[in-house]
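Asker: Pasting a structure below so you can have a look.
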Amino acid sequence: MKIVVDYDLCESNAVCMQIAPEVFEVRDDDFLYVLEENPGEELREKMEDSVARCPKQAIKIED
């Protein structure tokens, strides 16, 4: 799976970082960084939760 973020929509709310800090990080510059663009299948549930809970619907999963 591949994590894709639409940075034009993303407001760096850090909801995804709270769900999966091993994949997402909002740094001091207030920008979201994807630490692992291709997370393993063991993280699929967290990734689906991140997609569902993103306030701006800026995250998607490509298989």
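Chain identifiers are assigned as A, B, and so on, following the order in which chains appear in the structure tokens; residues are numbered from 1 within each chain, and ligands are numbered from 1 in order of appearance.
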Would you list the contacts of region 13-20 of chain A as a PDB file with C-alpha atoms, in the first residue's frame, taking every protein, DNA or RNA residue within 8 Å and counting only C-alpha atoms, but skipping same-chain residues closer than 5 positions in sequence?
Answerer:
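Result file is selection10.pdb:
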```pdb
ATOM      1  CA  GLU A  25       4.751  13.592  11.662  1.00  0.00           C
ATOM      2  CA  VAL A  26       3.869  17.270  11.973  1.00  0.00           C
ATOM      3  CA  LEU A  32       2.934  17.180   7.665  1.00  0.00           C
ATOM      4  CA  LYS A  46      -4.194   2.548  11.332  1.00  0.00           C
ATOM      5  CA  MET A  47      -3.899   3.875   7.776  1.00  0.00           C
ATOM      6  CA  ASP A  49      -8.403   5.061  10.386  1.00  0.00           C
ATOM      7  CA  SER A  50      -6.145   7.979   9.402  1.00  0.00           C
ATOM      8  CA  VAL A  51      -7.923   8.304   6.054  1.00  0.00           C
ATOM      9  CA  ARG A  53     -10.565  10.669  10.432  1.00  0.00           C
ATOM     10  CA  CYS A  54      -8.642  13.256   8.377  1.00  0.00           C
ATOM     11  CA  PRO A  55     -10.689  16.465   8.785  1.00  0.00           C
TER      12      PRO A  55
END
```
Asker: So which residues of region 2-43 of chain A fall under alpha helix (DSSP H) by DSSP, listed as a PyMOL selection string?
Answerer: chain A and resi 15-19
Asker: Between A:Asn38, A:Leu43, A:Val5, A:Val23, which has the minimum distance to Asp63 (chain A) (counting only C-alpha atoms)?
Answerer: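 When distances to Asp63 (chain A) are compared using only C-alpha atoms, the smallest one comes from A:Asn38.
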Asker: Pick the closest to Phe24 (chain A) from A:Glu62, A:Glu45, A:Glu36, A:Asp8: which is it, counting only C-alpha atoms?
Answerer: A:Glu36
Asker: For Lys2 (chain A), which residue among A:Lys56, A:Ile61, A:Pro21, A:Asp30 is the nearest when counting only C-alpha atoms?
Answerer: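 Comparing A:Lys56, A:Ile61, A:Pro21, A:Asp30 against Lys2 (chain A), the winner is A:Ile61.
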Asker: So, counting only C-alpha atoms, which residue among A:Glu48, A:Val34, A:Asp28, A:Glu22 is closest to Tyr7 (chain A)?
Answerer: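 Among the listed residues, A:Val34 lies closest to Tyr7 (chain A).
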Asker: Using backbone DSSP assignments, extract all strand (DSSP E or B) residues from region 14-62 of chain A; output them as a ChimeraX atom specification.
Answerer: /A:24-26,32-34,59-62
Asker: Would you put the residues from that selection into a file with all heavy atoms, as a short mmCIF file (atom, residue, chain, number, x, y, z; two decimals), in the first residue's frame?
Answerer:
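To be explicit, this is the file written out as part_27.cif:
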```
data_model
loop_
_atom_site.label_atom_id
_atom_site.label_comp_id
_atom_site.auth_asym_id
_atom_site.auth_seq_id
_atom_site.Cartn_x
_atom_site.Cartn_y
_atom_site.Cartn_z
N PHE A 24 3.24 9.24 10.20
CA PHE A 24 3.00 10.67 9.99
C PHE A 24 3.66 11.50 11.08
O PHE A 24 3.69 11.10 12.24
CB PHE A 24 1.50 10.97 10.02
CG PHE A 24 0.70 10.21 9.00
CD1 PHE A 24 -0.05 9.11 9.37
CD2 PHE A 24 0.71 10.58 7.68
CE1 PHE A 24 -0.81 8.40 8.45
CE2 PHE A 24 -0.04 9.88 6.73
CZ PHE A 24 -0.79 8.79 7.12
N GLU A 25 4.15 12.69 10.68
CA GLU A 25 4.75 13.59 11.66
C GLU A 25 4.49 15.04 11.25
O GLU A 25 4.73 15.41 10.10
CB GLU A 25 6.26 13.34 11.75
CG GLU A 25 6.96 14.23 12.75
CD GLU A 25 8.44 13.93 12.85
OE1 GLU A 25 9.15 14.06 11.83
OE2 GLU A 25 8.88 13.57 13.94
N VAL A 26 3.98 15.83 12.17
CA VAL A 26 3.87 17.27 11.97
C VAL A 26 5.01 17.89 12.77
O VAL A 26 5.10 17.72 13.98
CB VAL A 26 2.50 17.82 12.43
CG1 VAL A 26 2.47 19.33 12.32
CG2 VAL A 26 1.38 17.20 11.61
N LEU A 32 3.03 18.63 7.51
CA LEU A 32 2.93 17.18 7.67
C LEU A 32 4.00 16.50 6.82
O LEU A 32 4.21 16.86 5.66
CB LEU A 32 1.56 16.68 7.22
CG LEU A 32 1.39 15.17 7.19
CD1 LEU A 32 1.40 14.60 8.61
CD2 LEU A 32 0.12 14.79 6.47
N TYR A 33 4.67 15.52 7.41
CA TYR A 33 5.64 14.71 6.71
C TYR A 33 5.21 13.25 6.79
O TYR A 33 4.76 12.80 7.84
CB TYR A 33 7.04 14.87 7.33
CG TYR A 33 7.60 16.25 7.13
CD1 TYR A 33 7.30 17.27 8.02
CD2 TYR A 33 8.40 16.54 6.04
CE1 TYR A 33 7.79 18.55 7.83
CE2 TYR A 33 8.90 17.82 5.84
CZ TYR A 33 8.59 18.82 6.74
OH TYR A 33 9.07 20.09 6.56
N VAL A 34 5.33 12.54 5.67
CA VAL A 34 5.05 11.11 5.64
C VAL A 34 6.39 10.41 5.83
O VAL A 34 7.27 10.49 4.98
CB VAL A 34 4.38 10.69 4.32
CG1 VAL A 34 4.13 9.18 4.30
CG2 VAL A 34 3.07 11.44 4.13
N ILE A 59 -5.85 12.49 2.88
CA ILE A 59 -5.04 11.28 2.83
C ILE A 59 -5.80 10.20 2.09
O ILE A 59 -7.00 10.04 2.28
CB ILE A 59 -4.71 10.77 4.26
CG1 ILE A 59 -4.05 11.87 5.08
CG2 ILE A 59 -3.82 9.52 4.19
CD1 ILE A 59 -3.97 11.53 6.56
N LYS A 60 -5.07 9.45 1.25
CA LYS A 60 -5.68 8.28 0.63
C LYS A 60 -4.66 7.15 0.54
O LYS A 60 -3.46 7.37 0.65
CB LYS A 60 -6.27 8.61 -0.74
CG LYS A 60 -5.28 8.98 -1.80
CD LYS A 60 -6.03 9.26 -3.10
CE LYS A 60 -5.03 9.64 -4.19
NZ LYS A 60 -5.68 9.86 -5.48
N ILE A 61 -5.20 5.96 0.38
CA ILE A 61 -4.38 4.76 0.25
C ILE A 61 -4.49 4.27 -1.18
O ILE A 61 -5.58 4.14 -1.72
CB ILE A 61 -4.87 3.64 1.20
CG1 ILE A 61 -4.77 4.09 2.65
CG2 ILE A 61 -4.08 2.36 0.96
CD1 ILE A 61 -5.46 3.15 3.63
N GLU A 62 -3.34 4.02 -1.80
CA GLU A 62 -3.30 3.39 -3.12
C GLU A 62 -2.72 1.99 -2.93
O GLU A 62 -1.69 1.83 -2.29
CB GLU A 62 -2.44 4.18 -4.08
CG GLU A 62 -3.02 5.54 -4.43
CD GLU A 62 -2.17 6.34 -5.40
OE1 GLU A 62 -1.02 5.91 -5.69
OE2 GLU A 62 -2.64 7.38 -5.85
#
```
